[in-house]
Amino acid sequence: MNQALSMSAVNPTTARPMLEVRSLRKSYGQKTVLKGIDLKVPRGQVVTLIGASGSGKSTFLRCINFLEVPDPGSYIFVDGQLIGGENPRNVPRRLLARQRTDIGMVFQQFNLFPNMTALQNVCEAPLAHGRGSGAEIRNLALSLLERVGLAEHAKQYPSQLSGGQQQRVAIARALAMKPKLMLFDEATSALDPELVDEVLKVMRGLAEDGMTMLVVTHEMRFAADVADRVIFMADGEIVEDGSPEQVMRAPAHPRTQAFLARSLRS
Amino acid sequence: MSFDLDLLVQWLPRLFRGLWVTLQLFAVIMIISTPLALLVALGRTSQNRRVRTAAAVYVNVVRALPILVVLFFTFYGLPALGYSVQPFTAAVCGMVFCTTAYLSDDLRAGLMAVPAGQYEAADALGISRARFVRRILLPQALPVMCGPFFTRAIVTVKATSIASIVAVSELTAQSMAALTETYRATEFLTFAAACYLICSLVLALLQAATQRLVAIR
């Protein structure tokens with residue numbers, strides 16, 4: 001932490017990475033899924049994680065907000081805050097709940113609350129955390145639904161919306177806590193092909209607005225066009241890490257080459 | 001053998017007193033068992049392993065016990081241990097003990113119908129477990145719980161007749177009393193059967209109404 005302190009003396013906001021991951025390991029019994037990941041993501045950077053299924057990229061994402069609790073000795077800092085406290089075996093619930101509001105997450109299966117309207121879905125977390133009056137939260141939620149192009153669908157239930165619309169509501173719901181970092185776990189993988197673009201457009205807009213984003217995706221076009229940085233994972237490790245041009249046009253590692261050859265062909 | 005309606009009418013006051021006791025017994029059991037069963041069901045889906053184990057042991061032990069043995073225990077056993085209880089109270093204790101376990105398994109099915117993604121979405125938003133249960137889990141689980149809950153309620157109404165064996169003067173006990181005094185079976189047993197049938201019918205109607213109330217779009 002001394003390092004971080006001396007850096008913050010130079011420039012308190014830009015020098016400190018928005019996300020810092022140190023020696024992140026995750027195993028289930030004998031099976032090790034993440035083999036020690038180190039990563040720094042500066043504020044406002046959009047990082048895409050690519051790799052074959054089973055390479056650990058989703059687990060990596062889920063460790064960041066402790067949906068999966070990392071093995072002891074792993075450290076995750078979001079905007080300088082150590083997520084989950086010192087001991088991952090005994091995570092204080094209150095602390096974690098508060099820290100999680102800094103980390104928005106969007107799931108492959110949307111996971112909207114089906115018993116609530118789009119508007120209620122977006123309002124739920126700010127209400128739970130007492131972020132302002134009912135009217136303020138409602139206005140915030142309406143403006144977020146507007147931002148994802150769904151203002152006129154506010155009163156509809158998830159079952160009345162298309163997959164693309166549901167995912168955009170889910171993005172608005174995650175944004176409602178004003179997170180510092182957004183995680184996208186294959187956000188377009190469950191969508192019909194014609195619905196993918198409307199979700200990618202919203203994600204692109206977020207990136208342009210300076211949101212720090214970590215995006216697990218199979219959308220190579222998104223990785224190439226929107227991301228500042230592409231990370232290729234295999235067997236629970238980061239194999240390649242660089243600009244989209246570097247990783248996607250001229251991959252150094254043979255495994256990256258093989259993966260890209262396969263996914264660009266399909 | 002003819003159906004002696006006059007004899008039945010003569011006994012009606014006692015039989016209705018029995019029916020009233022049956023309804024009270026049923027109501028008290030359900031009112032106590034339902035919240036307890038919900039807690040046990042939540043316990044069985046808890047993240048805490050000890051809570052999960054304790055709930056599972058309770059349910060599986062009770063499932064293995066005949067309800068009559070439990071009632072004998074609360075009726076004869078509790079007084080032997082120095083707790084003097086009325087027959088009605090003994091019956092309530094024993095039946096709540098069993099019904100809570102059965103009902104918790106019925107309710108658990110509803111909880112398990114809610115996909116893991118709902119827990120994850122709430123966790124990722126930092127929503128507390130208590131709020132999650134109230135605002136997200138139960139509204140989604142209730143429509144699924146509805147059917148099994150009312151089936152259990154109907155089973156429980158009928159099961160209250162077992163209380164007749166531990167000296168509770170409910171419907172079956174009163175019918176049997178009439179039978180032994182008059183040596184006429186058809187009149188009183190038909191009446192008792194009709195009462196249980198009507199209770200079940202009312203519960204089935206209540207189920208339909210409740211299902212409409214808790215339905216999700």
# chains A, B, ... in the order shown; residues from 1 in each chain; ligands from 1
call {"tool": "residues_around", "arguments": {"residues": "stretch 196-206 of chain A", "least_positions_apart": "2", "cutoff": "9 Å", "atoms": "only C-alpha atoms", "output": "ChimeraX atom specification"}}
result
/A:147-149,164-165,167-168,171,187-189,191-194,208-213,222,226
call {"tool": "write_last_selection", "arguments": {"atoms": "N, CA, C and O atoms", "output": "CSV table (one decimal), in the first residue's frame"}}
result
chain,number,residue,atom,x,y,z
A,147,ARG,N,-31.5,6.1,-21.4
A,147,ARG,CA,-30.1,5.9,-21.9
A,147,ARG,C,-30.0,4.6,-22.7
A,147,ARG,O,-29.2,4.6,-23.7
A,148,VAL,N,-30.6,3.6,-22.2
A,148,VAL,CA,-30.5,2.3,-23.0
A,148,VAL,C,-31.7,2.1,-24.0
A,148,VAL,O,-31.9,1.1,-24.5
A,149,GLY,N,-32.4,3.2,-24.2
A,149,GLY,CA,-33.4,3.3,-25.2
A,149,GLY,C,-34.7,2.6,-24.9
A,149,GLY,O,-35.4,2.1,-25.7
A,164,GLY,N,-32.9,-8.9,-26.1
A,164,GLY,CA,-32.1,-7.7,-26.2
A,164,GLY,C,-32.5,-6.6,-25.3
A,164,GLY,O,-31.7,-5.9,-24.6
A,165,GLN,N,-33.9,-6.4,-25.2
A,165,GLN,CA,-34.4,-5.4,-24.3
A,165,GLN,C,-34.2,-5.7,-22.9
A,165,GLN,O,-33.8,-4.9,-22.0
A,167,GLN,N,-31.7,-7.5,-21.7
A,167,GLN,CA,-30.3,-7.2,-21.4
A,167,GLN,C,-30.0,-5.7,-21.2
A,167,GLN,O,-29.2,-5.4,-20.3
A,168,ARG,N,-30.7,-4.9,-22.0
A,168,ARG,CA,-30.5,-3.5,-21.8
A,168,ARG,C,-31.0,-3.0,-20.5
A,168,ARG,O,-30.4,-2.1,-19.8
A,171,ILE,N,-28.5,-3.9,-17.9
A,171,ILE,CA,-27.4,-2.9,-17.9
A,171,ILE,C,-27.8,-1.7,-17.1
A,171,ILE,O,-27.0,-1.2,-16.3
A,187,ALA,N,-22.4,-11.1,-22.3
A,187,ALA,CA,-23.7,-10.4,-22.2
A,187,ALA,C,-24.5,-10.6,-23.5
A,187,ALA,O,-25.7,-10.4,-23.4
A,188,THR,N,-23.9,-11.0,-24.6
A,188,THR,CA,-24.7,-11.1,-25.8
A,188,THR,C,-24.8,-12.6,-26.3
A,188,THR,O,-25.4,-12.9,-27.3
A,189,SER,N,-24.2,-13.5,-25.5
A,189,SER,CA,-24.1,-14.9,-25.9
A,189,SER,C,-25.5,-15.6,-26.0
A,189,SER,O,-25.7,-16.5,-26.8
A,191,LEU,N,-28.3,-14.2,-26.8
A,191,LEU,CA,-29.2,-13.4,-27.6
A,191,LEU,C,-29.3,-14.0,-29.1
A,191,LEU,O,-28.3,-14.5,-29.6
A,192,ASP,N,-30.5,-13.8,-29.7
A,192,ASP,CA,-30.6,-14.1,-31.1
A,192,ASP,C,-29.7,-13.1,-31.8
A,192,ASP,O,-29.6,-12.0,-31.4
A,193,PRO,N,-29.1,-13.6,-32.9
A,193,PRO,CA,-28.1,-12.7,-33.6
A,193,PRO,C,-28.6,-11.3,-34.0
A,193,PRO,O,-27.9,-10.4,-33.8
A,194,GLU,N,-29.9,-11.2,-34.3
A,194,GLU,CA,-30.4,-9.9,-34.7
A,194,GLU,C,-30.6,-8.9,-33.5
A,194,GLU,O,-30.8,-7.7,-33.7
A,208,GLU,N,-17.6,4.9,-24.5
A,208,GLU,CA,-17.3,6.2,-25.0
A,208,GLU,C,-17.5,7.2,-23.8
A,208,GLU,O,-16.8,8.2,-23.8
A,209,ASP,N,-18.4,6.9,-22.9
A,209,ASP,CA,-18.6,7.8,-21.7
A,209,ASP,C,-17.5,7.6,-20.7
A,209,ASP,O,-17.6,8.2,-19.6
A,210,GLY,N,-16.6,6.7,-20.9
A,210,GLY,CA,-15.4,6.6,-20.0
A,210,GLY,C,-15.6,5.6,-18.9
A,210,GLY,O,-14.8,5.6,-17.9
A,211,MET,N,-16.6,4.7,-19.0
A,211,MET,CA,-16.7,3.6,-18.0
A,211,MET,C,-15.5,2.6,-18.1
A,211,MET,O,-15.1,2.3,-19.2
A,212,THR,N,-15.0,2.2,-17.0
A,212,THR,CA,-14.1,1.1,-17.0
A,212,THR,C,-14.8,-0.2,-17.1
A,212,THR,O,-15.7,-0.4,-16.4
A,213,MET,N,-14.4,-1.0,-18.1
A,213,MET,CA,-15.2,-2.2,-18.4
A,213,MET,C,-14.3,-3.4,-18.6
A,213,MET,O,-13.2,-3.3,-19.2
A,222,PHE,N,-16.5,-6.6,-31.5
A,222,PHE,CA,-16.6,-5.7,-30.4
A,222,PHE,C,-15.1,-5.6,-29.8
A,222,PHE,O,-14.7,-4.5,-29.5
A,226,VAL,N,-14.1,-1.8,-30.1
A,226,VAL,CA,-14.4,-1.0,-29.0
A,226,VAL,C,-13.3,-1.1,-27.9
A,226,VAL,O,-13.0,-0.1,-27.2
call {"tool": "residues_around", "arguments": {"residues": "B:Ala90", "least_positions_apart": "2", "cutoff": "6 Å", "atoms": "only C-alpha atoms", "output": "list of chain:residue names"}}
result
B:Thr74, B:Phe75, B:Pro87, B:Phe88, B:Val92, B:Cys93
call {"tool": "write_last_selection", "arguments": {"atoms": "C-alpha atoms", "output": "compact mmCIF listing (two decimals), in the first residue's frame"}}
result
# COMPACT_ATOMS: atom_id res chain seq x y z
CA THR B 74 -46.80 -35.41 23.55
CA PHE B 75 -49.94 -36.82 25.23
CA PRO B 87 -55.22 -32.99 25.21
CA PHE B 88 -55.83 -30.18 22.70
CA VAL B 92 -51.28 -29.25 18.62
CA CYS B 93 -47.68 -29.73 19.79
call {"tool": "closest_residue", "arguments": {"among": "B:Ser128, B:Gln24, B:Ser33, B:Gln86", "to": "B:Leu171", "atoms": "only C-alpha atoms"}}
result
B:Gln24
call {"tool": "closest_residue", "arguments": {"among": "A:Ala190, A:Ser243, A:Asp235, A:Gln99", "to": "A:Lys178", "atoms": "only C-alpha atoms"}}
result
A:Gln99
call {"tool": "atom_distance", "arguments": {"atom1": "atom CA of B:Ile198", "atom2": "atom CA of B:Ala27"}}
result
15.4 Å
call {"tool": "closest_residue", "arguments": {"among": "B:Ala41, B:Val114, B:Val166, B:Val157", "to": "B:Ala193", "atoms": "only C-alpha atoms"}}
result
B:Val157
call {"tool": "interface_residues", "arguments": {"of": "chain B", "to": "chain A", "cutoff": "12 Å", "atoms": "only C-alpha atoms", "output": "ChimeraX atom specification"}}
result
/B:114-132,134-143,214-217
call {"tool": "write_last_selection", "arguments": {"atoms": "N, CA, C and O atoms", "output": "short mmCIF file (atom, residue, chain, number, x, y, z; two decimals), in the first residue's frame"}}
result
data_model
loop_
_atom_site.label_atom_id
_atom_site.label_comp_id
_atom_site.auth_asym_id
_atom_site.auth_seq_id
_atom_site.Cartn_x
_atom_site.Cartn_y
_atom_site.Cartn_z
N VAL B 114 -36.63 -21.13 -7.90
CA VAL B 114 -36.05 -19.84 -8.24
C VAL B 114 -34.59 -20.06 -8.65
O VAL B 114 -33.80 -20.58 -7.86
N PRO B 115 -34.22 -19.68 -9.88
CA PRO B 115 -32.89 -20.03 -10.38
C PRO B 115 -31.76 -19.31 -9.64
O PRO B 115 -31.95 -18.23 -9.07
N ALA B 116 -30.58 -19.94 -9.67
CA ALA B 116 -29.41 -19.40 -8.97
C ALA B 116 -29.07 -17.99 -9.47
O ALA B 116 -28.55 -17.18 -8.71
N GLY B 117 -29.37 -17.72 -10.73
CA GLY B 117 -29.09 -16.40 -11.30
C GLY B 117 -29.75 -15.26 -10.53
O GLY B 117 -29.23 -14.15 -10.48
N GLN B 118 -30.90 -15.54 -9.90
CA GLN B 118 -31.59 -14.51 -9.12
C GLN B 118 -30.79 -14.16 -7.87
O GLN B 118 -30.67 -13.01 -7.50
N TYR B 119 -30.23 -15.20 -7.23
CA TYR B 119 -29.38 -14.97 -6.05
C TYR B 119 -28.15 -14.16 -6.47
O TYR B 119 -27.74 -13.23 -5.79
N GLU B 120 -27.56 -14.56 -7.62
CA GLU B 120 -26.33 -13.90 -8.06
C GLU B 120 -26.58 -12.44 -8.42
O GLU B 120 -25.79 -11.57 -8.07
N ALA B 121 -27.70 -12.18 -9.11
CA ALA B 121 -28.01 -10.80 -9.49
C ALA B 121 -28.17 -9.95 -8.24
O ALA B 121 -27.64 -8.83 -8.16
N ALA B 122 -28.88 -10.48 -7.24
CA ALA B 122 -29.09 -9.72 -6.01
C ALA B 122 -27.77 -9.53 -5.26
O ALA B 122 -27.48 -8.43 -4.78
N ASP B 123 -26.95 -10.57 -5.21
CA ASP B 123 -25.63 -10.47 -4.56
C ASP B 123 -24.79 -9.40 -5.26
O ASP B 123 -24.16 -8.57 -4.61
N ALA B 124 -24.76 -9.45 -6.58
CA ALA B 124 -23.92 -8.52 -7.34
C ALA B 124 -24.36 -7.07 -7.10
O ALA B 124 -23.56 -6.16 -7.22
N LEU B 125 -25.64 -6.88 -6.76
CA LEU B 125 -26.13 -5.52 -6.49
C LEU B 125 -26.00 -5.16 -5.02
O LEU B 125 -26.41 -4.08 -4.61
N GLY B 126 -25.44 -6.06 -4.23
CA GLY B 126 -25.25 -5.78 -2.80
C GLY B 126 -26.56 -5.76 -2.02
O GLY B 126 -26.65 -5.12 -0.98
N ILE B 127 -27.57 -6.47 -2.51
CA ILE B 127 -28.86 -6.53 -1.81
C ILE B 127 -28.76 -7.55 -0.68
O ILE B 127 -28.27 -8.66 -0.89
N SER B 128 -29.21 -7.17 0.52
CA SER B 128 -29.07 -8.06 1.68
C SER B 128 -29.94 -9.30 1.50
O SER B 128 -30.93 -9.28 0.78
N ARG B 129 -29.56 -10.38 2.20
CA ARG B 129 -30.29 -11.63 2.06
C ARG B 129 -31.75 -11.46 2.52
O ARG B 129 -32.68 -11.97 1.90
N ALA B 130 -31.96 -10.72 3.61
CA ALA B 130 -33.32 -10.54 4.12
C ALA B 130 -34.19 -9.83 3.09
O ALA B 130 -35.32 -10.24 2.82
N ARG B 131 -33.66 -8.79 2.48
CA ARG B 131 -34.43 -8.06 1.46
C ARG B 131 -34.65 -8.93 0.23
O ARG B 131 -35.72 -8.90 -0.37
N PHE B 132 -33.63 -9.71 -0.11
CA PHE B 132 -33.76 -10.62 -1.25
C PHE B 132 -34.92 -11.60 -1.03
O PHE B 132 -35.74 -11.81 -1.91
N ARG B 134 -37.51 -11.28 0.88
CA ARG B 134 -38.81 -10.59 0.93
C ARG B 134 -39.24 -10.07 -0.45
O ARG B 134 -40.39 -10.22 -0.84
N ARG B 135 -38.32 -9.49 -1.17
CA ARG B 135 -38.70 -8.76 -2.38
C ARG B 135 -38.55 -9.57 -3.67
O ARG B 135 -39.18 -9.28 -4.67
N ILE B 136 -37.66 -10.58 -3.63
CA ILE B 136 -37.35 -11.28 -4.88
C ILE B 136 -37.66 -12.77 -4.78
O ILE B 136 -38.34 -13.33 -5.63
N LEU B 137 -37.16 -13.42 -3.72
CA LEU B 137 -37.32 -14.88 -3.61
C LEU B 137 -38.78 -15.29 -3.39
O LEU B 137 -39.34 -16.06 -4.17
N LEU B 138 -39.41 -14.74 -2.32
CA LEU B 138 -40.77 -15.18 -2.01
C LEU B 138 -41.78 -14.83 -3.10
O LEU B 138 -42.60 -15.69 -3.46
N PRO B 139 -41.75 -13.61 -3.66
CA PRO B 139 -42.72 -13.34 -4.73
C PRO B 139 -42.62 -14.33 -5.89
O PRO B 139 -43.62 -14.62 -6.53
N GLN B 140 -41.43 -14.84 -6.14
CA GLN B 140 -41.28 -15.81 -7.23
C GLN B 140 -41.60 -17.23 -6.78
O GLN B 140 -42.04 -18.06 -7.58
N ALA B 141 -41.36 -17.51 -5.50
CA ALA B 141 -41.56 -18.88 -4.99
C ALA B 141 -43.03 -19.15 -4.66
O ALA B 141 -43.50 -20.27 -4.82
N LEU B 142 -43.76 -18.10 -4.21
CA LEU B 142 -45.14 -18.32 -3.75
C LEU B 142 -46.04 -18.99 -4.80
O LEU B 142 -46.77 -19.92 -4.45
N PRO B 143 -46.00 -18.56 -6.07
CA PRO B 143 -46.87 -19.24 -7.04
C PRO B 143 -46.56 -20.74 -7.14
O PRO B 143 -47.48 -21.54 -7.35
N VAL B 214 -51.18 -14.51 -6.25
CA VAL B 214 -49.72 -14.47 -6.21
C VAL B 214 -49.08 -14.68 -7.60
O VAL B 214 -47.87 -14.70 -7.71
N ALA B 215 -49.91 -14.81 -8.62
CA ALA B 215 -49.36 -15.07 -9.96
C ALA B 215 -48.46 -13.93 -10.42
O ALA B 215 -48.68 -12.77 -10.09
N ILE B 216 -47.41 -14.31 -11.15
CA ILE B 216 -46.52 -13.32 -11.77
C ILE B 216 -46.85 -13.28 -13.25
O ILE B 216 -47.20 -14.28 -13.84
N ARG B 217 -46.73 -12.13 -13.82
CA ARG B 217 -46.97 -12.03 -15.27
C ARG B 217 -46.03 -12.91 -16.06
O ARG B 217 -44.84 -12.91 -15.79
#
call {"tool": "select_by_dssp", "arguments": {"residues": "stretch 36-169 of chain B", "states": "helix (DSSP H, G or I)", "output": "number ranges by chain"}}
result
B: 36-44, 49-64, 67-80, 87-112, 116-124, 129-166
call {"tool": "write_last_selection", "arguments": {"atoms": "C-alpha atoms", "output": "tab-separated table (two decimals), in the first residue's frame"}}
result
chain	number	residue	atom	x	y	z
B	36	LEU	CA	-41.91	-22.28	11.03
B	37	ALA	CA	-41.90	-24.41	7.88
B	38	LEU	CA	-40.81	-21.41	5.82
B	39	LEU	CA	-37.90	-20.85	8.21
B	40	VAL	CA	-36.91	-24.52	8.02
B	41	ALA	CA	-37.15	-24.41	4.21
B	42	LEU	CA	-34.96	-21.28	4.11
B	43	GLY	CA	-32.60	-23.03	6.52
B	44	ARG	CA	-32.27	-25.95	4.13
B	49	ARG	CA	-23.65	-25.50	6.40
B	50	ARG	CA	-24.58	-26.00	10.07
B	51	VAL	CA	-28.01	-24.43	9.56
B	52	ARG	CA	-28.50	-26.56	6.47
B	53	THR	CA	-27.56	-29.77	8.28
B	54	ALA	CA	-29.71	-29.04	11.34
B	55	ALA	CA	-32.76	-28.38	9.17
B	56	ALA	CA	-32.16	-31.52	7.09
B	57	VAL	CA	-31.76	-33.71	10.18
B	58	TYR	CA	-35.01	-32.39	11.70
B	59	VAL	CA	-37.02	-32.95	8.52
B	60	ASN	CA	-35.64	-36.41	7.86
B	61	VAL	CA	-36.12	-37.59	11.43
B	62	VAL	CA	-39.72	-36.38	11.56
B	63	ARG	CA	-40.46	-37.91	8.17
B	64	ALA	CA	-39.39	-41.27	9.56
B	67	ILE	CA	-47.45	-39.14	13.52
B	68	LEU	CA	-49.38	-41.31	15.99
B	69	VAL	CA	-46.18	-42.12	17.90
B	70	VAL	CA	-45.40	-38.41	18.11
B	71	LEU	CA	-48.91	-37.68	19.41
B	72	PHE	CA	-48.63	-40.45	22.03
B	73	PHE	CA	-45.36	-38.90	23.08
B	74	THR	CA	-46.80	-35.41	23.55
B	75	PHE	CA	-49.94	-36.82	25.23
B	76	TYR	CA	-48.35	-39.39	27.58
B	77	GLY	CA	-44.67	-38.46	27.41
B	78	LEU	CA	-44.83	-34.75	28.22
B	79	PRO	CA	-46.89	-35.29	31.41
B	80	ALA	CA	-44.48	-38.04	32.42
B	87	PRO	CA	-55.22	-32.99	25.21
B	88	PHE	CA	-55.83	-30.18	22.70
B	89	THR	CA	-52.43	-28.63	23.45
B	90	ALA	CA	-50.70	-32.03	23.31
B	91	ALA	CA	-52.29	-32.68	19.92
B	92	VAL	CA	-51.28	-29.25	18.62
B	93	CYS	CA	-47.68	-29.73	19.79
B	94	GLY	CA	-47.32	-33.14	18.17
B	95	MET	CA	-48.98	-32.18	14.93
B	96	VAL	CA	-47.11	-28.88	14.60
B	97	PHE	CA	-43.88	-30.81	15.12
B	98	CYS	CA	-44.73	-33.12	12.21
B	99	THR	CA	-46.58	-30.75	9.90
B	100	THR	CA	-43.77	-28.20	10.04
B	101	ALA	CA	-41.36	-30.80	8.69
B	102	TYR	CA	-43.68	-32.04	5.93
B	103	LEU	CA	-44.67	-28.52	4.95
B	104	SER	CA	-41.07	-27.30	4.86
B	105	ASP	CA	-40.32	-29.86	2.18
B	106	ASP	CA	-43.33	-28.66	0.19
B	107	LEU	CA	-42.22	-25.02	0.49
B	108	ARG	CA	-38.59	-25.87	-0.29
B	109	ALA	CA	-39.67	-27.05	-3.72
B	110	GLY	CA	-40.93	-23.51	-4.35
B	111	LEU	CA	-37.68	-21.95	-3.17
B	112	MET	CA	-35.67	-24.27	-5.39
B	116	ALA	CA	-29.41	-19.40	-8.97
B	117	GLY	CA	-29.09	-16.40	-11.30
B	118	GLN	CA	-31.59	-14.51	-9.12
B	119	TYR	CA	-29.38	-14.97	-6.05
B	120	GLU	CA	-26.33	-13.90	-8.06
B	121	ALA	CA	-28.01	-10.80	-9.49
B	122	ALA	CA	-29.09	-9.72	-6.01
B	123	ASP	CA	-25.63	-10.47	-4.56
B	124	ALA	CA	-23.92	-8.52	-7.34
B	129	ARG	CA	-30.29	-11.63	2.06
B	130	ALA	CA	-33.32	-10.54	4.12
B	131	ARG	CA	-34.43	-8.06	1.46
B	132	PHE	CA	-33.76	-10.62	-1.25
B	133	VAL	CA	-36.02	-13.14	0.47
B	134	ARG	CA	-38.81	-10.59	0.93
B	135	ARG	CA	-38.70	-8.76	-2.38
B	136	ILE	CA	-37.35	-11.28	-4.88
B	137	LEU	CA	-37.32	-14.88	-3.61
B	138	LEU	CA	-40.77	-15.18	-2.01
B	139	PRO	CA	-42.72	-13.34	-4.73
B	140	GLN	CA	-41.28	-15.81	-7.23
B	141	ALA	CA	-41.56	-18.88	-4.99
B	142	LEU	CA	-45.14	-18.32	-3.75
B	143	PRO	CA	-46.87	-19.24	-7.04
B	144	VAL	CA	-44.91	-22.51	-7.08
B	145	MET	CA	-45.55	-23.15	-3.36
B	146	CYS	CA	-49.27	-22.58	-3.65
B	147	GLY	CA	-50.29	-26.01	-4.95
B	148	PRO	CA	-48.18	-28.13	-2.56
B	149	PHE	CA	-49.14	-25.85	0.35
B	150	PHE	CA	-52.87	-26.39	-0.10
B	151	THR	CA	-52.38	-30.09	-0.73
B	152	ARG	CA	-50.59	-30.21	2.62
B	153	ALA	CA	-53.39	-28.17	4.21
B	154	ILE	CA	-55.97	-30.68	2.97
B	155	VAL	CA	-53.87	-33.59	4.24
B	156	THR	CA	-53.61	-31.79	7.60
B	157	VAL	CA	-57.38	-31.25	7.96
B	158	LYS	CA	-57.89	-34.95	7.52
B	159	ALA	CA	-54.93	-35.80	9.78
B	160	THR	CA	-56.53	-33.90	12.69
B	161	SER	CA	-58.77	-36.96	13.08
B	162	ILE	CA	-55.77	-38.72	14.61
B	163	ALA	CA	-56.15	-36.35	17.59
B	164	SER	CA	-59.30	-38.33	18.50
B	165	ILE	CA	-56.98	-41.06	19.76
B	166	VAL	CA	-55.42	-38.73	22.33
call {"tool": "residues_around", "arguments": {"residues": "stretch 176-186 of chain B", "least_positions_apart": "6", "cutoff": "12 Å", "atoms": "only C-alpha atoms", "output": "NGL selection string"}}
result
:B and (1-5 or 7-15 or 18 or 161 or 164-165 or 167-170 or 192-194)
call {"tool": "atom_distance", "arguments": {"atom1": "atom CA of A:Lys35", "atom2": "atom CA of A:Leu214"}}
result
19.0 Å
call {"tool": "atom_distance", "arguments": {"atom1": "atom CA of B:Val21", "atom2": "atom CA of B:Phe191"}}
result
15.4 Å
call {"tool": "residues_around", "arguments": {"residues": "A:Asn90", "least_positions_apart": "4", "cutoff": "12 Å", "atoms": "only C-alpha atoms", "output": "PDB file with N, CA and C atoms, in the first residue's frame"}}
result
ATOM      1  N   VAL A  69     -15.647 -16.868  -4.358  1.00  0.00           N
ATOM      2  CA  VAL A  69     -14.655 -16.356  -3.409  1.00  0.00           C
ATOM      3  C   VAL A  69     -13.272 -16.877  -3.811  1.00  0.00           C
ATOM      4  N   PRO A  70     -12.325 -15.957  -4.069  1.00  0.00           N
ATOM      5  CA  PRO A  70     -10.980 -16.385  -4.487  1.00  0.00           C
ATOM      6  C   PRO A  70     -10.260 -17.130  -3.368  1.00  0.00           C
ATOM      7  N   ASP A  71      -9.238 -17.894  -3.744  1.00  0.00           N
ATOM      8  CA  ASP A  71      -8.434 -18.596  -2.742  1.00  0.00           C
ATOM      9  C   ASP A  71      -7.666 -17.582  -1.891  1.00  0.00           C
ATOM     10  N   PRO A  72      -7.331 -17.975  -0.651  1.00  0.00           N
ATOM     11  CA  PRO A  72      -6.532 -17.088   0.196  1.00  0.00           C
ATOM     12  C   PRO A  72      -5.225 -16.705  -0.516  1.00  0.00           C
ATOM     13  N   GLY A  84     -13.654  -7.578  -0.183  1.00  0.00           N
ATOM     14  CA  GLY A  84     -13.876  -8.719   0.696  1.00  0.00           C
ATOM     15  C   GLY A  84     -13.033  -8.725   1.965  1.00  0.00           C
ATOM     16  N   GLY A  85     -12.190  -7.728   2.149  1.00  0.00           N
ATOM     17  CA  GLY A  85     -11.382  -7.675   3.361  1.00  0.00           C
ATOM     18  C   GLY A  85     -10.199  -8.622   3.307  1.00  0.00           C
ATOM     19  N   GLU A  86      -9.487  -8.713   4.423  1.00  0.00           N
ATOM     20  CA  GLU A  86      -8.213  -9.425   4.453  1.00  0.00           C
ATOM     21  C   GLU A  86      -8.360 -10.948   4.322  1.00  0.00           C
ATOM     22  N   ARG A  94     -21.636  -7.060   5.225  1.00  0.00           N
ATOM     23  CA  ARG A  94     -21.971  -5.642   5.046  1.00  0.00           C
ATOM     24  C   ARG A  94     -20.959  -4.947   4.157  1.00  0.00           C
ATOM     25  N   LEU A  95     -19.673  -5.191   4.481  1.00  0.00           N
ATOM     26  CA  LEU A  95     -18.585  -4.574   3.723  1.00  0.00           C
ATOM     27  C   LEU A  95     -18.691  -4.983   2.252  1.00  0.00           C
ATOM     28  N   LEU A  96     -18.872  -6.285   2.035  1.00  0.00           N
ATOM     29  CA  LEU A  96     -18.925  -6.794   0.665  1.00  0.00           C
ATOM     30  C   LEU A  96     -20.123  -6.194  -0.083  1.00  0.00           C
TER      31      LEU A  96
END
call {"tool": "residues_around", "arguments": {"residues": "A:Gly73", "least_positions_apart": "2", "cutoff": "8 Å", "atoms": "only C-alpha atoms", "output": "list in words"}}
result
Ser23, Leu24, Arg25, Asp71 and Tyr75 of chain A
